Amino acid sequence: MRADRGGVLLKKVASFLTTHHPHPAFLPSSAVPLRFVAGPSGPPAAVAMAEATAVLQKKRALRSQIRRALKIFSPAQRVQEDVAIQNLVLNSPWFKSSKGLCAYISCEALREVDTSKIVAEVLKNSDAEHGMQVKKMLYVPRVEDKNSHMRMLRISNIEDLVANSMDILEPSPVDADQNEREDVMLATQPVDLFLLPGLAFDRHGRRLGRGGGYYDVFLQKYEELANQQKWKQPLRVALAYSVQIVDDDLIPTTVTDVPVDAVVSADGVIPISPAALERM
């Protein structure tokens with residue numbers, strides 16, 4: 001489900017470029033600019049398509065580069081960074097004060113930063129060592145189809161997770177009593193925090209995913225929901241190994257790409273957006 005779907009995304013990006021405005025948050029400087037939006041004085045859609053094609057080709061190349069780097073990444077270094085990153089999150093005031101969060105379930109085969117310790121601590125309800133004083137609502141992803149449709153469903157126990165066809169752990173759609181799990185998009189209370197995966201990140205908030213578009217679509221929908229409900233937007237925090245943080249000019253973006261507010265690596269927390277600078 002997380003495989004690169006460049007052809008599908010190309011059509012989505014080209015369509016978006018000709019009909020939408022940029023993401024209302026902070027737009028990375030390398031994003032495809034508004035001069036490609038169709039209009040009386042703008043170029044034809046073919047130009048936007050060509051631009052989108054070039055961006056997707058650069059994304060594919062960078063994905064290949066980062067996957068190679070992760071493949072040769074020292075297992076010992078990876079474990080060391082996993083521990084450091086999770087401890088930084090668990091000990092941070094912005095995590096401790098959060099009442100609800102969406103977090104990915106890490107997959108070793110995909111070489112994602114481990115989140116097992118974070119998930120386990122949240123599901124304990126409280127933890128003296130890390131000072132969590134309140135029970136946190138935890139929502140984790142479930143991929144519904146191949147069209148970038150992903151839900152975040154609430155779990156209360158690690159046993160709520162089952163392996164999908166790609167051997168990735170996801171929440172079952174119903175609990176042990178056959179009740180539908182709470183969808184974060186239908187919850188009456190907001191979440192404060194998103195812990196996000198990805199392949200590459202930079203210090204300006206650009207994020208390169210795996211090509212499916214699932215997180216970008218979900219994050220845009222939740223942002224719209226929060227605006228409608230007049231909720232404070234959650235912090236979008238990416239977890240990254242050292243080999244996943246790249247130079248600022250390497251990640252090409254379009255207006256469909258949602259930036260992150262901060263990046264956590266073994267070297268520390270990198271606040272990026274005004275919201276992160278205020279809250280971290």
# chains A, B, ... in the order shown; residues from 1 in each chain; ligands from 1
call {"tool": "closest_atom_pairs", "arguments": {"of": "region 69-163 of chain A", "to": "region 174-184 of chain A", "cutoff": "9 Å", "atoms": "only C-alpha atoms", "output": "JSON lines"}}
result
{"residue": "A:Cys102", "atom": "CA", "partner": "A:Val184", "partner_atom": "CA", "distance": 8.3}
{"residue": "A:Tyr139", "atom": "CA", "partner": "A:Val184", "partner_atom": "CA", "distance": 6.7}
{"residue": "A:Arg151", "atom": "CA", "partner": "A:Asp183", "partner_atom": "CA", "distance": 6.8}
{"residue": "A:Met152", "atom": "CA", "partner": "A:Val184", "partner_atom": "CA", "distance": 5.7}
{"residue": "A:Leu153", "atom": "CA", "partner": "A:Asp183", "partner_atom": "CA", "distance": 4.7}
{"residue": "A:Arg154", "atom": "CA", "partner": "A:Glu182", "partner_atom": "CA", "distance": 5.4}
{"residue": "A:Ile155", "atom": "CA", "partner": "A:Arg181", "partner_atom": "CA", "distance": 7.5}
{"residue": "A:Asp160", "atom": "CA", "partner": "A:Asp175", "partner_atom": "CA", "distance": 7.1}
call {"tool": "residues_around", "arguments": {"residues": "Trp231 (chain A)", "least_positions_apart": "5", "cutoff": "10 Å", "atoms": "only C-alpha atoms", "output": "number ranges by chain"}}
result
A: 189-192, 223, 225-226
call {"tool": "closest_residue", "arguments": {"among": "A:Met137, A:Leu199, A:Leu88, A:Ile270", "to": "Thr115 (chain A)", "atoms": "only C-alpha atoms"}}
result
A:Leu88
call {"tool": "closest_residue", "arguments": {"among": "A:Glu108, A:Glu51, A:Asp257, A:Glu121", "to": "Leu138 (chain A)", "atoms": "only C-alpha atoms"}}
result
A:Glu121
call {"tool": "select_by_dssp", "arguments": {"residues": "region 69-175 of chain A", "states": "strand (DSSP E or B)", "output": "number ranges by chain"}}
result
A: 100-103, 127, 132, 137-143, 150-155, 161-163, 169-171, 174
call {"tool": "decode", "arguments": {"residues": "region 118-258 of chain A", "atoms": "C-alpha atoms", "output": "PDB file, in the first residue's frame"}}
result
ATOM      1  CA  ILE A 118       6.131   5.530  22.472  1.00  0.00           C
ATOM      2  CA  VAL A 119       3.043   3.476  21.647  1.00  0.00           C
ATOM      3  CA  ALA A 120       3.592   1.182  24.632  1.00  0.00           C
ATOM      4  CA  GLU A 121       3.996   4.102  27.033  1.00  0.00           C
ATOM      5  CA  VAL A 122       0.835   5.791  25.784  1.00  0.00           C
ATOM      6  CA  LEU A 123      -1.162   2.588  26.129  1.00  0.00           C
ATOM      7  CA  LYS A 124      -0.029   2.216  29.731  1.00  0.00           C
ATOM      8  CA  ASN A 125      -2.306   5.199  30.501  1.00  0.00           C
ATOM      9  CA  SER A 126       0.290   6.809  32.763  1.00  0.00           C
ATOM     10  CA  ASP A 127       3.974   6.459  33.369  1.00  0.00           C
ATOM     11  CA  ALA A 128       5.840   7.771  36.391  1.00  0.00           C
ATOM     12  CA  GLU A 129       9.231   7.826  34.701  1.00  0.00           C
ATOM     13  CA  HIS A 130       8.087  10.061  31.861  1.00  0.00           C
ATOM     14  CA  GLY A 131       5.595  12.022  33.908  1.00  0.00           C
ATOM     15  CA  MET A 132       2.474  11.368  31.883  1.00  0.00           C
ATOM     16  CA  GLN A 133      -0.368  12.544  34.111  1.00  0.00           C
ATOM     17  CA  VAL A 134      -3.418  11.883  31.925  1.00  0.00           C
ATOM     18  CA  LYS A 135      -4.627   9.077  29.729  1.00  0.00           C
ATOM     19  CA  LYS A 136      -3.938   9.912  26.119  1.00  0.00           C
ATOM     20  CA  MET A 137      -6.172   9.042  23.206  1.00  0.00           C
ATOM     21  CA  LEU A 138      -4.136   7.171  20.598  1.00  0.00           C
ATOM     22  CA  TYR A 139      -5.130   6.857  16.944  1.00  0.00           C
ATOM     23  CA  VAL A 140      -3.111   4.786  14.486  1.00  0.00           C
ATOM     24  CA  PRO A 141      -3.349   4.421  10.693  1.00  0.00           C
ATOM     25  CA  ARG A 142      -5.374   1.944   8.686  1.00  0.00           C
ATOM     26  CA  VAL A 143      -5.065   2.012   4.887  1.00  0.00           C
ATOM     27  CA  GLU A 144      -8.470   1.512   3.285  1.00  0.00           C
ATOM     28  CA  ASP A 145      -7.659   1.337  -0.431  1.00  0.00           C
ATOM     29  CA  LYS A 146      -5.102   2.187  -3.110  1.00  0.00           C
ATOM     30  CA  ASN A 147      -6.476   5.691  -3.633  1.00  0.00           C
ATOM     31  CA  SER A 148      -4.635   7.443  -0.799  1.00  0.00           C
ATOM     32  CA  HIS A 149      -7.515   6.748   1.601  1.00  0.00           C
ATOM     33  CA  MET A 150      -6.250   6.210   5.141  1.00  0.00           C
ATOM     34  CA  ARG A 151      -8.097   6.428   8.440  1.00  0.00           C
ATOM     35  CA  MET A 152      -6.755   6.932  11.953  1.00  0.00           C
ATOM     36  CA  LEU A 153      -8.562   4.634  14.389  1.00  0.00           C
ATOM     37  CA  ARG A 154      -8.369   4.679  18.169  1.00  0.00           C
ATOM     38  CA  ILE A 155      -6.780   1.746  19.985  1.00  0.00           C
ATOM     39  CA  SER A 156      -6.463   0.991  23.684  1.00  0.00           C
ATOM     40  CA  ASN A 157      -4.297  -2.131  23.567  1.00  0.00           C
ATOM     41  CA  ILE A 158      -1.435  -3.407  21.452  1.00  0.00           C
ATOM     42  CA  GLU A 159      -3.550  -6.481  20.730  1.00  0.00           C
ATOM     43  CA  ASP A 160      -5.893  -4.210  18.770  1.00  0.00           C
ATOM     44  CA  LEU A 161      -3.363  -4.354  15.926  1.00  0.00           C
ATOM     45  CA  VAL A 162      -3.395  -7.011  13.206  1.00  0.00           C
ATOM     46  CA  ALA A 163      -1.062  -7.569  10.249  1.00  0.00           C
ATOM     47  CA  ASN A 164      -2.378  -6.555   6.833  1.00  0.00           C
ATOM     48  CA  SER A 165      -1.528  -8.160   3.485  1.00  0.00           C
ATOM     49  CA  MET A 166       1.859  -6.423   3.498  1.00  0.00           C
ATOM     50  CA  ASP A 167       2.563  -7.578   7.056  1.00  0.00           C
ATOM     51  CA  ILE A 168       2.158  -4.044   8.415  1.00  0.00           C
ATOM     52  CA  LEU A 169       0.341  -3.760  11.731  1.00  0.00           C
ATOM     53  CA  GLU A 170      -2.947  -1.883  11.573  1.00  0.00           C
ATOM     54  CA  PRO A 171      -5.987  -1.543  13.836  1.00  0.00           C
ATOM     55  CA  SER A 172      -8.855  -3.862  13.048  1.00  0.00           C
ATOM     56  CA  PRO A 173     -11.964  -1.859  12.040  1.00  0.00           C
ATOM     57  CA  VAL A 174     -13.957  -3.222  15.003  1.00  0.00           C
ATOM     58  CA  ASP A 175     -13.000  -4.020  18.583  1.00  0.00           C
ATOM     59  CA  ALA A 176     -13.396  -7.286  20.495  1.00  0.00           C
ATOM     60  CA  ASP A 177     -17.068  -6.469  21.125  1.00  0.00           C
ATOM     61  CA  GLN A 178     -17.617  -5.853  17.384  1.00  0.00           C
ATOM     62  CA  ASN A 179     -18.043  -2.132  17.929  1.00  0.00           C
ATOM     63  CA  GLU A 180     -16.575   0.169  15.303  1.00  0.00           C
ATOM     64  CA  ARG A 181     -13.400   1.848  16.441  1.00  0.00           C
ATOM     65  CA  GLU A 182     -13.500   5.611  16.847  1.00  0.00           C
ATOM     66  CA  ASP A 183     -12.240   7.428  13.777  1.00  0.00           C
ATOM     67  CA  VAL A 184     -10.267  10.564  14.618  1.00  0.00           C
ATOM     68  CA  MET A 185     -12.186  12.420  11.903  1.00  0.00           C
ATOM     69  CA  LEU A 186     -15.410  11.717  13.802  1.00  0.00           C
ATOM     70  CA  ALA A 187     -14.073  12.310  17.325  1.00  0.00           C
ATOM     71  CA  THR A 188     -15.597  15.031  19.481  1.00  0.00           C
ATOM     72  CA  GLN A 189     -12.218  16.099  20.846  1.00  0.00           C
ATOM     73  CA  PRO A 190      -9.168  17.205  18.840  1.00  0.00           C
ATOM     74  CA  VAL A 191      -5.718  15.656  18.914  1.00  0.00           C
ATOM     75  CA  ASP A 192      -2.677  17.734  19.805  1.00  0.00           C
ATOM     76  CA  LEU A 193       0.030  15.856  17.967  1.00  0.00           C
ATOM     77  CA  PHE A 194       0.840  13.838  14.854  1.00  0.00           C
ATOM     78  CA  LEU A 195       3.940  11.636  14.845  1.00  0.00           C
ATOM     79  CA  LEU A 196       4.767  11.118  11.187  1.00  0.00           C
ATOM     80  CA  PRO A 197       6.952   8.762   9.155  1.00  0.00           C
ATOM     81  CA  GLY A 198       8.607   9.508   5.830  1.00  0.00           C
ATOM     82  CA  LEU A 199      11.661   8.839   3.721  1.00  0.00           C
ATOM     83  CA  ALA A 200      13.402  12.226   3.770  1.00  0.00           C
ATOM     84  CA  PHE A 201      13.079  15.563   5.542  1.00  0.00           C
ATOM     85  CA  ASP A 202      14.875  18.885   5.597  1.00  0.00           C
ATOM     86  CA  ARG A 203      15.211  21.728   8.079  1.00  0.00           C
ATOM     87  CA  HIS A 204      12.489  23.782   6.384  1.00  0.00           C
ATOM     88  CA  GLY A 205       9.720  21.264   6.958  1.00  0.00           C
ATOM     89  CA  ARG A 206       9.706  19.540   3.597  1.00  0.00           C
ATOM     90  CA  ARG A 207       8.754  15.874   3.810  1.00  0.00           C
ATOM     91  CA  LEU A 208       9.224  13.159   1.189  1.00  0.00           C
ATOM     92  CA  GLY A 209       6.862  10.233   1.679  1.00  0.00           C
ATOM     93  CA  ARG A 210       6.834   6.843  -0.016  1.00  0.00           C
ATOM     94  CA  GLY A 211       4.724   7.968  -2.956  1.00  0.00           C
ATOM     95  CA  GLY A 212       1.225   6.862  -1.994  1.00  0.00           C
ATOM     96  CA  GLY A 213       0.022  10.261  -0.818  1.00  0.00           C
ATOM     97  CA  TYR A 214      -1.806   8.779   2.174  1.00  0.00           C
ATOM     98  CA  TYR A 215      -0.424  11.132   4.810  1.00  0.00           C
ATOM     99  CA  ASP A 216      -0.674  14.273   2.688  1.00  0.00           C
ATOM    100  CA  VAL A 217      -4.342  13.584   1.954  1.00  0.00           C
ATOM    101  CA  PHE A 218      -5.106  12.739   5.576  1.00  0.00           C
ATOM    102  CA  LEU A 219      -3.272  15.773   6.970  1.00  0.00           C
ATOM    103  CA  GLN A 220      -5.110  18.119   4.615  1.00  0.00           C
ATOM    104  CA  LYS A 221      -8.463  16.632   5.642  1.00  0.00           C
ATOM    105  CA  TYR A 222      -7.681  16.929   9.340  1.00  0.00           C
ATOM    106  CA  GLU A 223      -6.511  20.511   8.915  1.00  0.00           C
ATOM    107  CA  GLU A 224      -9.833  21.341   7.257  1.00  0.00           C
ATOM    108  CA  LEU A 225     -11.709  19.592  10.078  1.00  0.00           C
ATOM    109  CA  ALA A 226      -9.804  21.503  12.761  1.00  0.00           C
ATOM    110  CA  ASN A 227     -10.555  24.783  11.000  1.00  0.00           C
ATOM    111  CA  GLN A 228     -14.252  23.931  10.775  1.00  0.00           C
ATOM    112  CA  GLN A 229     -14.384  22.975  14.459  1.00  0.00           C
ATOM    113  CA  LYS A 230     -12.231  25.975  15.456  1.00  0.00           C
ATOM    114  CA  TRP A 231      -9.701  23.627  17.073  1.00  0.00           C
ATOM    115  CA  LYS A 232      -6.044  24.410  17.475  1.00  0.00           C
ATOM    116  CA  GLN A 233      -4.047  22.682  14.782  1.00  0.00           C
ATOM    117  CA  PRO A 234      -2.001  19.718  16.052  1.00  0.00           C
ATOM    118  CA  LEU A 235       1.767  19.739  15.813  1.00  0.00           C
ATOM    119  CA  ARG A 236       3.007  17.686  12.862  1.00  0.00           C
ATOM    120  CA  VAL A 237       6.241  16.102  14.080  1.00  0.00           C
ATOM    121  CA  ALA A 238       8.358  13.828  11.879  1.00  0.00           C
ATOM    122  CA  LEU A 239      10.732  11.197  13.273  1.00  0.00           C
ATOM    123  CA  ALA A 240      13.925  10.768  11.252  1.00  0.00           C
ATOM    124  CA  TYR A 241      17.202   8.885  11.249  1.00  0.00           C
ATOM    125  CA  SER A 242      20.311  10.973  10.596  1.00  0.00           C
ATOM    126  CA  VAL A 243      20.557   9.614   7.030  1.00  0.00           C
ATOM    127  CA  GLN A 244      17.024  10.839   6.293  1.00  0.00           C
ATOM    128  CA  ILE A 245      17.724  14.526   6.905  1.00  0.00           C
ATOM    129  CA  VAL A 246      18.887  16.066   3.638  1.00  0.00           C
ATOM    130  CA  ASP A 247      20.042  19.424   2.315  1.00  0.00           C
ATOM    131  CA  ASP A 248      17.382  22.079   1.849  1.00  0.00           C
ATOM    132  CA  ASP A 249      17.410  22.015  -1.964  1.00  0.00           C
ATOM    133  CA  LEU A 250      16.998  18.251  -2.397  1.00  0.00           C
ATOM    134  CA  ILE A 251      13.299  17.656  -1.683  1.00  0.00           C
ATOM    135  CA  PRO A 252      11.075  18.913  -4.511  1.00  0.00           C
ATOM    136  CA  THR A 253       7.509  19.681  -3.501  1.00  0.00           C
ATOM    137  CA  THR A 254       4.166  20.625  -4.971  1.00  0.00           C
ATOM    138  CA  VAL A 255       1.205  22.363  -3.368  1.00  0.00           C
ATOM    139  CA  THR A 256      -0.277  18.963  -2.490  1.00  0.00           C
ATOM    140  CA  ASP A 257       2.645  18.204  -0.134  1.00  0.00           C
ATOM    141  CA  VAL A 258       1.962  19.041   3.501  1.00  0.00           C
TER     142      VAL A 258
END
